[in-house]
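Q: Here you go, one structure.
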Amino acid sequence: MIRTILGVARGSVGLLTSAAPGENSPLKMLNGLDGLQEVNEVQGISFDKLNILSLLAQAVYAFQKGNTKRGALLLGAATIAPKSKEASYLVQGVLTLDSIRKRLT
């Protein structure tokens, strides 16, 4: 299972190889209404890709801590994130609320 996670993480990192900043300064692009979107596109990074990498990192951490249920849910959220980002945010939010509930009780 860890090999699968590492394979997906390597593939996601491969998608981010074009993340080098462009010739245009990001601060100059902030003048328009779509400034943040333009900066995002120029740098080659999307928040969706970063969300997937974050979910994978959280899944690996959960597996290392022995929390296989949380790790499997996070891995599933990372798997469905490219098709349905709303569903992956929902799973991530539910897991966060569950961890907050456990800490308060």
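Convention: chains lettered A, B, ... in structure tokens order; per-chain residue numbering from 1; ligands numbered from 1 as shown.
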What lies within 12 Å of Gly93 in chain A using only C-alpha atoms, ignoring chain neighbours under 6 positions off, as a list of chain:residue names?

A: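 The residues satisfying every condition are A:Leu55, A:Leu73, A:Leu74, A:Ala77, A:Glu86, A:Ala87, A:Ser99, A:Ile100.
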
Q: For a quick check of understanding, using only C-alpha atoms, which of A:Lys83, A:Tyr89, A:Asn67, A:Gly76 has the smallest distance to Asn51 in chain A?

A: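 Looking at the shortest contact to Asn51 in chain A, the residue is A:Tyr89.
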
Q: Quick one: pull the distance between CA of Phe63 in chain A and CA of Ala81 in chain A, Å, one decimal.

A: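 Result for CA of Phe63 in chain A versus CA of Ala81 in chain A: 19.4 Å, one decimal.
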
Q: Could you tell me which of A:Thr105, A:Ser46, A:Ser88, A:Ala78 comes closest to Gln58 in chain A if we count only C-alpha atoms?

A: A:Ala78

Q: Can you work out the spacing between CA of Asp98 in chain A and CA of Arg70 in chain A in Å, to one decimal?

A: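 Computing the Euclidean distance for CA of Asp98 in chain A and CA of Arg70 in chain A yields 10.1 Å.
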
Q: To one decimal place, how far is CA of Pro82 in chain A from CA of Asp48 in chain A in Å?

A: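 Pair CA of Pro82 in chain A / CA of Asp48 in chain A returns 7.4 Å.
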
Q: Could you check the closest approach to Leu56 in chain A for each of A:Ile80, A:Val91, A:Lys102, A:Leu75 and tell me which residue wins, using only C-alpha atoms?

A: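 Closest candidate: A:Leu75.
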